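Next comes my_file-v5.cif, a file with mmCIF, C-alpha atoms; chains and numbers go by the auth columns.
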```cif
data_final
loop_
_atom_site.group_PDB
_atom_site.id
_atom_site.type_symbol
_atom_site.label_atom_id
_atom_site.label_comp_id
_atom_site.label_asym_id
_atom_site.label_seq_id
_atom_site.Cartn_x
_atom_site.Cartn_y
_atom_site.Cartn_z
_atom_site.B_iso_or_equiv
_atom_site.auth_seq_id
_atom_site.auth_asym_id
ATOM 1 C CA MET A 1 -17.572 -1.120 12.199 0.00 62 X
ATOM 2 C CA ILE A 2 -16.251 -3.957 10.088 0.00 63 X
ATOM 3 C CA LYS A 3 -12.678 -5.125 10.632 0.00 64 X
ATOM 4 C CA PRO A 4 -10.666 -4.991 7.418 0.00 65 X
ATOM 5 C CA ASP A 5 -7.672 -7.273 7.013 0.00 66 X
ATOM 6 C CA PHE A 6 -4.946 -4.845 8.070 0.00 67 X
ATOM 7 C CA ASP A 7 -2.113 -6.898 6.617 0.00 68 X
ATOM 8 C CA ALA A 8 -3.811 -7.405 3.251 0.00 69 X
ATOM 9 C CA VAL A 9 -4.633 -3.715 2.771 0.00 70 X
ATOM 10 C CA ILE A 10 -1.158 -2.644 3.886 0.00 71 X
ATOM 11 C CA ALA A 11 0.310 -5.080 1.358 0.00 72 X
ATOM 12 C CA ILE A 12 -1.866 -3.557 -1.390 0.00 73 X
ATOM 13 C CA ALA A 13 -0.673 -0.054 -0.471 0.00 74 X
ATOM 14 C CA ARG A 14 2.932 -1.200 -0.554 0.00 75 X
ATOM 15 C CA ARG A 15 2.556 -2.860 -3.939 0.00 76 X
ATOM 16 C CA ALA A 16 1.084 0.375 -5.247 0.00 77 X
ATOM 17 C CA GLY A 17 4.035 2.200 -3.706 0.00 78 X
ATOM 18 C CA ASP A 18 6.486 -0.099 -5.484 0.00 79 X
ATOM 19 C CA ALA A 19 4.785 0.669 -8.809 0.00 80 X
ATOM 20 C CA ILE A 20 5.064 4.391 -8.081 0.00 81 X
ATOM 21 C CA LEU A 21 8.777 4.067 -7.319 0.00 82 X
ATOM 22 C CA GLU A 22 9.390 2.325 -10.637 0.00 83 X
ATOM 23 C CA VAL A 23 8.301 5.543 -12.342 0.00 84 X
ATOM 24 C CA TYR A 24 9.875 7.837 -9.729 0.00 85 X
ATOM 25 C CA ASP A 25 13.299 6.170 -9.923 0.00 86 X
ATOM 26 C CA GLY A 26 13.237 5.860 -13.711 0.00 87 X
ATOM 27 C CA PRO A 27 14.052 8.362 -16.441 0.00 88 X
ATOM 28 C CA ALA A 28 12.054 11.555 -17.004 0.00 89 X
ATOM 29 C CA PHE A 29 8.301 10.920 -16.982 0.00 90 X
ATOM 30 C CA ASP A 30 5.474 12.676 -18.776 0.00 91 X
ATOM 31 C CA VAL A 31 3.068 14.875 -16.813 0.00 92 X
ATOM 32 C CA GLU A 32 -0.470 15.434 -18.066 0.00 93 X
ATOM 33 C CA THR A 33 -2.961 18.014 -16.815 0.00 94 X
ATOM 34 C CA LYS A 34 -6.466 16.893 -15.820 0.00 95 X
ATOM 35 C CA ASP A 35 -9.618 18.932 -16.295 0.00 96 X
ATOM 36 C CA ASP A 36 -9.222 20.446 -12.806 0.00 97 X
ATOM 37 C CA GLU A 37 -5.655 21.556 -13.681 0.00 98 X
ATOM 38 C CA SER A 38 -4.090 18.983 -11.341 0.00 99 X
ATOM 39 C CA PRO A 39 -1.167 16.906 -12.647 0.00 100 X
ATOM 40 C CA LEU A 40 -1.360 13.236 -13.646 0.00 101 X
ATOM 41 C CA THR A 41 1.483 10.780 -14.280 0.00 102 X
ATOM 42 C CA ALA A 42 1.926 7.125 -15.207 0.00 103 X
ATOM 43 C CA ALA A 43 2.575 6.473 -11.529 0.00 104 X
ATOM 44 C CA ASP A 44 -0.946 7.677 -10.603 0.00 105 X
ATOM 45 C CA ARG A 45 -2.436 5.304 -13.158 0.00 106 X
ATOM 46 C CA ALA A 46 -0.311 2.322 -12.140 0.00 107 X
ATOM 47 C CA ALA A 47 -1.103 2.721 -8.449 0.00 108 X
ATOM 48 C CA HIS A 48 -4.812 3.177 -9.150 0.00 109 X
ATOM 49 C CA GLY A 49 -4.937 -0.015 -11.218 0.00 110 X
ATOM 50 C CA ILE A 50 -3.301 -2.097 -8.493 0.00 111 X
ATOM 51 C CA ILE A 51 -5.397 -0.737 -5.619 0.00 112 X
ATOM 52 C CA ASP A 52 -8.735 -0.825 -7.438 0.00 113 X
ATOM 53 C CA ARG A 53 -8.218 -4.360 -8.710 0.00 114 X
ATOM 54 C CA GLU A 54 -6.890 -5.812 -5.457 0.00 115 X
ATOM 55 C CA LEU A 55 -9.407 -4.148 -3.133 0.00 116 X
ATOM 56 C CA GLN A 56 -12.258 -5.415 -5.280 0.00 117 X
ATOM 57 C CA ALA A 57 -10.775 -8.913 -5.091 0.00 118 X
ATOM 58 C CA LEU A 58 -10.228 -8.662 -1.323 0.00 119 X
ATOM 59 C CA THR A 59 -13.654 -7.213 -0.429 0.00 120 X
ATOM 60 C CA PRO A 60 -15.984 -7.524 -3.438 0.00 121 X
ATOM 61 C CA GLU A 61 -18.928 -6.381 -1.305 0.00 122 X
ATOM 62 C CA ILE A 62 -17.330 -2.976 -0.597 0.00 123 X
ATOM 63 C CA PRO A 63 -17.239 -0.429 -3.461 0.00 124 X
ATOM 64 C CA VAL A 64 -14.124 1.607 -4.221 0.00 125 X
ATOM 65 C CA LEU A 65 -14.086 5.372 -4.793 0.00 126 X
ATOM 66 C CA SER A 66 -10.720 6.522 -6.107 0.00 127 X
ATOM 67 C CA GLU A 67 -9.403 9.843 -7.359 0.00 128 X
ATOM 68 C CA GLU A 68 -8.664 8.238 -10.708 0.00 129 X
ATOM 69 C CA GLY A 69 -12.121 6.636 -10.843 0.00 130 X
ATOM 70 C CA ALA A 70 -14.328 9.192 -9.123 0.00 131 X
ATOM 71 C CA ASP A 71 -17.067 9.464 -11.761 0.00 132 X
ATOM 72 C CA VAL A 72 -19.613 7.559 -9.649 0.00 133 X
ATOM 73 C CA PRO A 73 -22.969 9.409 -9.544 0.00 134 X
ATOM 74 C CA TYR A 74 -24.106 10.547 -6.118 0.00 135 X
ATOM 75 C CA GLU A 75 -27.415 8.730 -6.589 0.00 136 X
ATOM 76 C CA GLU A 76 -25.377 5.512 -6.602 0.00 137 X
ATOM 77 C CA ARG A 77 -22.865 6.517 -3.910 0.00 138 X
ATOM 78 C CA ARG A 78 -25.522 7.637 -1.448 0.00 139 X
ATOM 79 C CA GLN A 79 -26.656 4.005 -1.157 0.00 140 X
ATOM 80 C CA TRP A 80 -23.232 2.892 0.115 0.00 141 X
ATOM 81 C CA PRO A 81 -23.131 2.207 3.888 0.00 142 X
ATOM 82 C CA ARG A 82 -19.366 1.808 3.572 0.00 143 X
ATOM 83 C CA PHE A 83 -16.733 2.152 0.867 0.00 144 X
ATOM 84 C CA TRP A 84 -13.015 2.314 0.255 0.00 145 X
ATOM 85 C CA LEU A 85 -11.806 5.876 -0.367 0.00 146 X
ATOM 86 C CA VAL A 86 -8.512 5.920 -2.259 0.00 147 X
ATOM 87 C CA ASP A 87 -5.910 8.402 -3.407 0.00 148 X
ATOM 88 C CA PRO A 88 -3.453 6.233 -5.362 0.00 149 X
ATOM 89 C CA LEU A 89 -0.795 8.949 -5.351 0.00 150 X
ATOM 90 C CA ASP A 90 -1.351 11.872 -3.006 0.00 151 X
ATOM 91 C CA GLY A 91 1.115 14.683 -3.518 0.00 152 X
ATOM 92 C CA THR A 92 1.680 14.393 -7.264 0.00 153 X
ATOM 93 C CA LYS A 93 3.294 17.842 -7.160 0.00 154 X
ATOM 94 C CA GLU A 94 5.764 16.534 -4.572 0.00 155 X
ATOM 95 C CA PHE A 95 6.325 13.464 -6.754 0.00 156 X
ATOM 96 C CA ILE A 96 7.128 15.684 -9.734 0.00 157 X
ATOM 97 C CA LYS A 97 9.517 17.735 -7.586 0.00 158 X
ATOM 98 C CA ARG A 98 11.126 14.433 -6.478 0.00 159 X
ATOM 99 C CA ASN A 99 11.193 15.435 -2.808 0.00 160 X
ATOM 100 C CA GLY A 100 9.835 12.099 -1.551 0.00 161 X
ATOM 101 C CA GLU A 101 6.777 13.553 0.203 0.00 162 X
ATOM 102 C CA PHE A 102 4.088 11.640 -1.674 0.00 163 X
ATOM 103 C CA THR A 103 1.852 8.891 -0.338 0.00 164 X
ATOM 104 C CA VAL A 104 -0.620 6.114 -1.069 0.00 165 X
ATOM 105 C CA ASN A 105 -3.873 6.680 0.848 0.00 166 X
ATOM 106 C CA ILE A 106 -6.557 4.070 1.526 0.00 167 X
ATOM 107 C CA ALA A 107 -9.436 4.720 3.946 0.00 168 X
ATOM 108 C CA LEU A 108 -12.529 2.784 4.927 0.00 169 X
ATOM 109 C CA VAL A 109 -15.496 5.158 5.272 0.00 170 X
ATOM 110 C CA GLU A 110 -18.662 4.118 7.128 0.00 171 X
ATOM 111 C CA ASP A 111 -21.764 6.299 7.495 0.00 172 X
ATOM 112 C CA GLY A 112 -19.923 9.416 6.363 0.00 173 X
ATOM 113 C CA ALA A 113 -16.874 9.046 8.627 0.00 174 X
ATOM 114 C CA PRO A 114 -13.416 7.510 8.029 0.00 175 X
ATOM 115 C CA ARG A 115 -13.047 4.612 10.450 0.00 176 X
ATOM 116 C CA TRP A 116 -9.792 3.039 9.301 0.00 177 X
ATOM 117 C CA GLY A 117 -6.878 4.265 7.217 0.00 178 X
ATOM 118 C CA VAL A 118 -3.455 3.428 5.841 0.00 179 X
ATOM 119 C CA ILE A 119 -0.933 5.914 4.475 0.00 180 X
ATOM 120 C CA HIS A 120 2.147 4.447 2.845 0.00 181 X
ATOM 121 C CA VAL A 121 5.161 6.623 2.018 0.00 182 X
ATOM 122 C CA PRO A 122 7.016 4.778 -0.772 0.00 183 X
ATOM 123 C CA ALA A 123 10.161 6.914 -0.847 0.00 184 X
ATOM 124 C CA LEU A 124 10.632 6.518 2.923 0.00 185 X
ATOM 125 C CA ALA A 125 9.453 2.882 3.167 0.00 186 X
ATOM 126 C CA THR A 126 7.199 4.015 6.017 0.00 187 X
ATOM 127 C CA THR A 127 3.582 3.080 6.687 0.00 188 X
ATOM 128 C CA TYR A 128 1.011 4.665 9.009 0.00 189 X
ATOM 129 C CA ILE A 129 -2.222 2.949 10.030 0.00 190 X
ATOM 130 C CA GLY A 130 -5.102 3.925 12.267 0.00 191 X
ATOM 131 C CA SER A 131 -8.317 2.335 13.481 0.00 192 X
ATOM 132 C CA VAL A 132 -10.621 4.802 15.228 0.00 193 X
ATOM 133 C CA GLY A 133 -11.245 3.688 18.781 0.00 194 X
ATOM 134 C CA GLU A 134 -8.313 1.275 18.736 0.00 195 X
ATOM 135 C CA GLY A 135 -5.156 3.247 17.979 0.00 196 X
ATOM 136 C CA ALA A 136 -2.634 4.376 15.391 0.00 197 X
ATOM 137 C CA TRP A 137 0.790 3.005 14.515 0.00 198 X
ATOM 138 C CA ARG A 138 3.815 3.695 12.311 0.00 199 X
ATOM 139 C CA ARG A 139 6.280 1.242 10.806 0.00 200 X
ATOM 140 C CA SER A 140 9.551 2.034 9.042 0.00 201 X
ATOM 141 C CA GLY A 141 10.828 -0.619 6.653 0.00 202 X
ATOM 142 C CA ASP A 142 10.486 -4.050 8.224 0.00 203 X
ATOM 143 C CA GLY A 143 10.848 -2.732 11.760 0.00 204 X
ATOM 144 C CA ASP A 144 8.393 -2.992 14.613 0.00 205 X
ATOM 145 C CA TRP A 145 5.110 -1.102 14.702 0.00 206 X
ATOM 146 C CA GLU A 146 5.326 1.994 16.945 0.00 207 X
ATOM 147 C CA ARG A 147 2.187 3.314 18.596 0.00 208 X
ATOM 148 C CA LEU A 148 1.344 6.940 17.822 0.00 209 X
ATOM 149 C CA ALA A 149 -0.277 9.577 20.016 0.00 210 X
ATOM 150 C CA VAL A 150 -0.921 13.262 19.503 0.00 211 X
ATOM 151 C CA ARG A 151 0.721 15.675 21.925 0.00 212 X
ATOM 152 C CA PRO A 152 -0.855 18.797 23.407 0.00 213 X
ATOM 153 C CA PRO A 153 0.753 22.133 22.518 0.00 214 X
ATOM 154 C CA ALA A 154 3.311 23.335 25.042 0.00 215 X
ATOM 155 C CA GLY A 155 4.323 26.970 24.812 0.00 216 X
ATOM 156 C CA GLY A 156 2.555 27.454 21.479 0.00 217 X
ATOM 157 C CA HIS A 157 1.508 25.353 18.504 0.00 218 X
ATOM 158 C CA ALA A 158 3.768 23.522 16.097 0.00 219 X
ATOM 159 C CA VAL A 159 1.819 24.282 12.922 0.00 220 X
ATOM 160 C CA VAL A 160 1.857 22.165 9.777 0.00 221 X
ATOM 161 C CA LYS A 161 2.097 24.238 6.616 0.00 222 X
ATOM 162 C CA SER A 162 1.647 22.982 3.071 0.00 223 X
ATOM 163 C CA ARG A 163 4.677 23.074 0.791 0.00 224 X
ATOM 164 C CA SER A 164 2.581 23.503 -2.355 0.00 225 X
ATOM 165 C CA HIS A 165 -0.652 25.274 -1.334 0.00 226 X
ATOM 166 C CA PRO A 166 -0.041 28.430 0.764 0.00 227 X
ATOM 167 C CA THR A 167 -3.080 30.712 1.118 0.00 228 X
ATOM 168 C CA GLY A 168 -3.921 34.156 2.433 0.00 229 X
ATOM 169 C CA GLU A 169 -6.656 32.662 4.629 0.00 230 X
ATOM 170 C CA LEU A 170 -4.031 30.579 6.426 0.00 231 X
ATOM 171 C CA ALA A 171 -1.898 33.637 7.109 0.00 232 X
ATOM 172 C CA ASP A 172 -4.946 35.445 8.533 0.00 233 X
ATOM 173 C CA TYR A 173 -5.840 32.461 10.740 0.00 234 X
ATOM 174 C CA LEU A 174 -2.308 32.155 12.125 0.00 235 X
ATOM 175 C CA GLU A 175 -2.345 35.796 13.238 0.00 236 X
ATOM 176 C CA HIS A 176 -4.692 34.655 16.025 0.00 237 X
ATOM 177 C CA ILE A 177 -2.726 31.523 16.984 0.00 238 X
ATOM 178 C CA ASP A 178 0.276 31.247 19.313 0.00 239 X
ATOM 179 C CA VAL A 179 2.763 29.680 16.882 0.00 240 X
ATOM 180 C CA ALA A 180 5.943 28.270 18.392 0.00 241 X
ATOM 181 C CA ASP A 181 7.161 26.395 15.313 0.00 242 X
ATOM 182 C CA GLU A 182 6.275 25.709 11.680 0.00 243 X
ATOM 183 C CA VAL A 183 6.466 22.248 10.101 0.00 244 X
ATOM 184 C CA PRO A 184 6.430 22.390 6.272 0.00 245 X
ATOM 185 C CA VAL A 185 5.178 19.057 4.882 0.00 246 X
ATOM 186 C CA GLY A 186 3.666 17.815 1.628 0.00 247 X
ATOM 187 C CA SER A 187 0.726 15.493 0.860 0.00 248 X
ATOM 188 C CA SER A 188 -1.169 13.580 3.565 0.00 249 X
ATOM 189 C CA LEU A 189 2.019 13.537 5.640 0.00 250 X
ATOM 190 C CA LYS A 190 0.566 16.706 7.173 0.00 251 X
ATOM 191 C CA PHE A 191 -1.975 14.532 8.999 0.00 252 X
ATOM 192 C CA CYS A 192 0.775 12.103 10.001 0.00 253 X
ATOM 193 C CA ALA A 193 2.820 14.946 11.510 0.00 254 X
ATOM 194 C CA VAL A 194 -0.048 15.667 13.919 0.00 255 X
ATOM 195 C CA ALA A 195 -0.746 11.990 14.615 0.00 256 X
ATOM 196 C CA GLU A 196 2.874 11.274 15.556 0.00 257 X
ATOM 197 C CA GLY A 197 3.281 14.414 17.674 0.00 258 X
ATOM 198 C CA ARG A 198 5.677 16.374 15.435 0.00 259 X
ATOM 199 C CA ALA A 199 2.989 19.036 15.083 0.00 260 X
ATOM 200 C CA THR A 200 -0.073 20.047 17.066 0.00 261 X
ATOM 201 C CA LEU A 201 -2.138 21.960 14.499 0.00 262 X
ATOM 202 C CA TYR A 202 -2.857 21.693 10.775 0.00 263 X
ATOM 203 C CA PRO A 203 -5.244 24.400 9.532 0.00 264 X
ATOM 204 C CA ARG A 204 -6.293 23.802 5.934 0.00 265 X
ATOM 205 C CA PHE A 205 -7.575 26.794 3.999 0.00 266 X
ATOM 206 C CA GLY A 206 -6.889 25.444 0.537 0.00 267 X
ATOM 207 C CA PRO A 207 -8.709 23.088 -1.843 0.00 268 X
ATOM 208 C CA THR A 208 -8.854 19.377 -1.015 0.00 269 X
ATOM 209 C CA MET A 209 -10.971 16.427 -2.050 0.00 270 X
ATOM 210 C CA GLU A 210 -12.310 13.660 0.147 0.00 271 X
ATOM 211 C CA TRP A 211 -9.678 11.159 -1.055 0.00 272 X
ATOM 212 C CA ASP A 212 -6.941 13.612 -0.007 0.00 273 X
ATOM 213 C CA THR A 213 -8.039 13.499 3.621 0.00 274 X
ATOM 214 C CA GLY A 214 -9.870 10.244 4.434 0.00 275 X
ATOM 215 C CA ALA A 215 -6.922 8.069 5.481 0.00 276 X
ATOM 216 C CA GLY A 216 -5.163 10.865 7.348 0.00 277 X
ATOM 217 C CA HIS A 217 -8.404 11.811 9.093 0.00 278 X
ATOM 218 C CA ALA A 218 -8.796 8.254 10.416 0.00 279 X
ATOM 219 C CA ILE A 219 -5.162 8.083 11.568 0.00 280 X
ATOM 220 C CA VAL A 220 -5.311 11.407 13.415 0.00 281 X
ATOM 221 C CA GLU A 221 -8.513 10.454 15.219 0.00 282 X
ATOM 222 C CA ALA A 222 -7.103 7.020 16.049 0.00 283 X
ATOM 223 C CA ALA A 223 -4.074 8.774 17.573 0.00 284 X
ATOM 224 C CA GLY A 224 -6.326 10.933 19.774 0.00 285 X
ATOM 225 C CA GLY A 225 -6.679 14.086 17.631 0.00 286 X
ATOM 226 C CA ARG A 226 -9.621 15.517 15.767 0.00 287 X
ATOM 227 C CA VAL A 227 -10.610 16.961 12.386 0.00 288 X
ATOM 228 C CA ARG A 228 -13.237 19.714 12.446 0.00 289 X
ATOM 229 C CA LEU A 229 -14.684 22.301 10.101 0.00 290 X
ATOM 230 C CA ALA A 230 -12.895 25.652 10.155 0.00 291 X
ATOM 231 C CA GLU A 231 -16.221 27.501 10.201 0.00 292 X
ATOM 232 C CA ASP A 232 -17.577 25.466 13.124 0.00 293 X
ATOM 233 C CA GLU A 233 -15.080 23.432 15.144 0.00 294 X
ATOM 234 C CA THR A 234 -17.876 21.467 16.820 0.00 295 X
ATOM 235 C CA ARG A 235 -18.631 19.746 13.496 0.00 296 X
ATOM 236 C CA PRO A 236 -16.467 16.968 12.015 0.00 297 X
ATOM 237 C CA LEU A 237 -15.466 16.785 8.376 0.00 298 X
ATOM 238 C CA GLN A 238 -18.038 14.614 6.558 0.00 299 X
ATOM 239 C CA TYR A 239 -17.598 12.188 3.656 0.00 300 X
ATOM 240 C CA ASN A 240 -19.569 10.882 0.679 0.00 301 X
ATOM 241 C CA LYS A 241 -21.145 14.275 0.099 0.00 302 X
ATOM 242 C CA PRO A 242 -22.873 15.149 -3.198 0.00 303 X
ATOM 243 C CA ASP A 243 -19.861 17.392 -3.889 0.00 304 X
ATOM 244 C CA LEU A 244 -16.614 15.580 -3.047 0.00 305 X
ATOM 245 C CA HIS A 245 -14.746 18.820 -2.398 0.00 306 X
ATOM 246 C CA ASN A 246 -13.935 19.397 1.277 0.00 307 X
ATOM 247 C CA PRO A 247 -14.698 22.648 3.095 0.00 308 X
ATOM 248 C CA PHE A 248 -11.827 24.278 4.981 0.00 309 X
ATOM 249 C CA PHE A 249 -10.919 22.308 8.103 0.00 310 X
ATOM 250 C CA ILE A 250 -8.686 22.245 11.188 0.00 311 X
ATOM 251 C CA VAL A 251 -6.694 19.192 12.327 0.00 312 X
ATOM 252 C CA SER A 252 -5.645 19.472 15.958 0.00 313 X
ATOM 253 C CA ALA A 253 -4.184 17.502 18.822 0.00 314 X
#
```
Take the structure in this file and express it as structure tokens.
Amino acid sequence: MIKPDFDAVIAIARRAGDAILEVYDGPAFDVETKDDESPLTAADRAAHGIIDRELQALTPEIPVLSEEGADVPYEERRQWPRFWLVDPLDGTKEFIKRNGEFTVNIALVEDGAPRWGVIHVPALATTYIGSVGEGAWRRSGDGDWERLAVRPPAGGHAVVKSRSHPTGELADYLEHIDVADEVPVGSSLKFCAVAEGRATLYPRFGPTMEWDTGAGHAIVEAAGGRVRLAEDETRPLQYNKPDLHNPFFIVSA
């Protein structure tokens, strides 16, 4: 695994976060609808421009696959041994609701697996990072980095539930789980809740794309958790597939 410059990538994520906050803290903003019916704002575009440009300058040998620039044919992508996987603004619905639970996600994927990730939370001035095999950390503002570790369930699971994407499949799954608490969270902060021990289980039975999960996947695994397919929990979630949609998956401590 290559060693990215942690500080440089974190700085890129934070600059993207600052651009997002300029829109978020400003007057009313326009919301467009993309072909897949998902929302798009000026903040998505601004963050994408910063991250794409600065990652290409930092590591010109590593291609970038971003939600706002995902039209790369699989015949080209399949040749990539590694690439940056980016969601410039994850949780656009949370951004529009102005509840603060939106993030900037940057992951380094190698051989189909996320190996390193950063999630920056602009509204909370908080950053999460993880390097698989080395560890995961969280930093609030300019404070010290705190090491993260998943916690095993005690007396039942603390289950992460999506604020914006409830499903019947999730309700069916939870009927067979000992649930002690529910943790409603938006965006990739659901992964962070497991990585930092606030939750022990995040079952996802709703639509996601690879850029929604790559950074969080790396952080959870770096913190000692795992991300597996819902249909076969011996198999990890894979990346750089011909179809960038994810199957249903389970994040656990």
Given the file shown, determine the residues that the PyMOL selection byres ((chain X and resi 235) around 12) selects; report them as a ChimeraX atom specification.
-> /X:217-222,228-234,236-243,262-266,311
Give me, please, the distance in Å between atom CA of Pro121 of chain X and atom CA of Trp145 of chain X, quoted to one decimal.
->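 Separating atom CA of Pro121 of chain X from atom CA of Trp145 of chain X is a distance of 10.9 Å.
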Coordinates-based distance that separates atom CA of Gly247 of chain X from atom CA of Glu294 of chain X (Å, one decimal) =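 Spanning atom CA of Glu294 of chain X to atom CA of Gly247 of chain X is a straight-line distance of 23.8 Å.
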Give me, please, the distance in Å between atom CA of Gly285 of chain X and atom CA of Gly267 of chain X, quoted to one decimal.
->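 Going from atom CA of Gly285 of chain X over to atom CA of Gly267 of chain X, I get 24.1 Å.
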Nearest-residue call for Ala197 of chain X, choices X:Arg139, X:Arg259, X:His278, X:Lys251, using all atoms listed in the file = X:His278
Which is closer to Gly161 of chain X than all the others in X:Val133, X:Val182, X:Ala80, X:Val147, using all atoms listed in the file?
-> X:Val182
Any chance you could resolve the PyMOL selection byres ((chain X and resi 84) around 12) against this file and give the residues as a ChimeraX atom specification?
-> /X:77-83,85-92,102-108,150,156-157,159,183-184
Could you tell me which residues the PyMOL selection byres ((chain X and resi 250) around 9) grabs in this file, written as an mmCIF file with C-alpha atoms, keeping the file's coordinate frame?
```cif
data_model
loop_
_atom_site.group_PDB
_atom_site.id
_atom_site.type_symbol
_atom_site.label_atom_id
_atom_site.label_comp_id
_atom_site.auth_asym_id
_atom_site.auth_seq_id
_atom_site.Cartn_x
_atom_site.Cartn_y
_atom_site.Cartn_z
ATOM 1 C CA GLU X 162 6.777 13.553 0.203
ATOM 2 C CA PHE X 163 4.088 11.640 -1.674
ATOM 3 C CA THR X 164 1.852 8.891 -0.338
ATOM 4 C CA ILE X 180 -0.933 5.914 4.475
ATOM 5 C CA VAL X 182 5.161 6.623 2.018
ATOM 6 C CA VAL X 246 5.178 19.057 4.882
ATOM 7 C CA GLY X 247 3.666 17.815 1.628
ATOM 8 C CA SER X 248 0.726 15.493 0.860
ATOM 9 C CA SER X 249 -1.169 13.580 3.565
ATOM 10 C CA LYS X 251 0.566 16.706 7.173
ATOM 11 C CA PHE X 252 -1.975 14.532 8.999
ATOM 12 C CA CYS X 253 0.775 12.103 10.001
ATOM 13 C CA ALA X 254 2.820 14.946 11.510
ATOM 14 C CA VAL X 255 -0.048 15.667 13.919
ATOM 15 C CA GLY X 277 -5.163 10.865 7.348
#
```
Spatial neighbours of Thr187 of chain X, 10 Å, all atoms listed in the file, chain gap at least 5 places, as a PDB file with C-alpha atoms, in the frame of the given file:
```pdb
ATOM      1  CA  ARG X  75       2.932  -1.200  -0.554  1.00  0.00           C
ATOM      2  CA  THR X 164       1.852   8.891  -0.338  1.00  0.00           C
ATOM      3  CA  ILE X 180      -0.933   5.914   4.475  1.00  0.00           C
ATOM      4  CA  HIS X 181       2.147   4.447   2.845  1.00  0.00           C
ATOM      5  CA  VAL X 182       5.161   6.623   2.018  1.00  0.00           C
ATOM      6  CA  ARG X 199       3.815   3.695  12.311  1.00  0.00           C
ATOM      7  CA  ARG X 200       6.280   1.242  10.806  1.00  0.00           C
ATOM      8  CA  SER X 201       9.551   2.034   9.042  1.00  0.00           C
ATOM      9  CA  GLY X 202      10.828  -0.619   6.653  1.00  0.00           C
ATOM     10  CA  ASP X 203      10.486  -4.050   8.224  1.00  0.00           C
ATOM     11  CA  GLY X 204      10.848  -2.732  11.760  1.00  0.00           C
TER      12      GLY X 204
END
```
Kindly indicate which residue among X:Ala174, X:Ala210, X:Gly152, X:Thr261 lies nearest to Leu298 of chain X, using all atoms listed in the file for the distances.
->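 Comparing X:Ala174, X:Ala210, X:Gly152, X:Thr261 against Leu298 of chain X, the winner is X:Ala174.
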Given 4 Å on each side, where is the centre and what are the edge lengths in Å to one decimal of the axis-aligned box enclosing the listed atoms of segment 245-248 of chain X, as JSON?
```
{"center_x": 3.6, "center_y": 18.9, "center_z": 3.6, "size_x": 13.7, "size_y": 14.9, "size_z": 13.4}
```
Taking 4 positions as the minimum chain separation for residues in the same chain, which residues sit within 9 Å of Leu126 of chain X when counting all atoms listed in the file? Answer as a PDB file with C-alpha atoms, in the coordinates of the input.
```pdb
ATOM      1  CA  ASP X 113      -8.735  -0.825  -7.438  1.00  0.00           C
ATOM      2  CA  GLY X 130     -12.121   6.636 -10.843  1.00  0.00           C
ATOM      3  CA  ALA X 131     -14.328   9.192  -9.123  1.00  0.00           C
ATOM      4  CA  ASP X 132     -17.067   9.464 -11.761  1.00  0.00           C
ATOM      5  CA  VAL X 133     -19.613   7.559  -9.649  1.00  0.00           C
ATOM      6  CA  ARG X 138     -22.865   6.517  -3.910  1.00  0.00           C
ATOM      7  CA  PHE X 144     -16.733   2.152   0.867  1.00  0.00           C
ATOM      8  CA  TRP X 145     -13.015   2.314   0.255  1.00  0.00           C
ATOM      9  CA  LEU X 146     -11.806   5.876  -0.367  1.00  0.00           C
ATOM     10  CA  VAL X 147      -8.512   5.920  -2.259  1.00  0.00           C
ATOM     11  CA  ASP X 148      -5.910   8.402  -3.407  1.00  0.00           C
ATOM     12  CA  TRP X 272      -9.678  11.159  -1.055  1.00  0.00           C
TER      13      TRP X 272
END
```
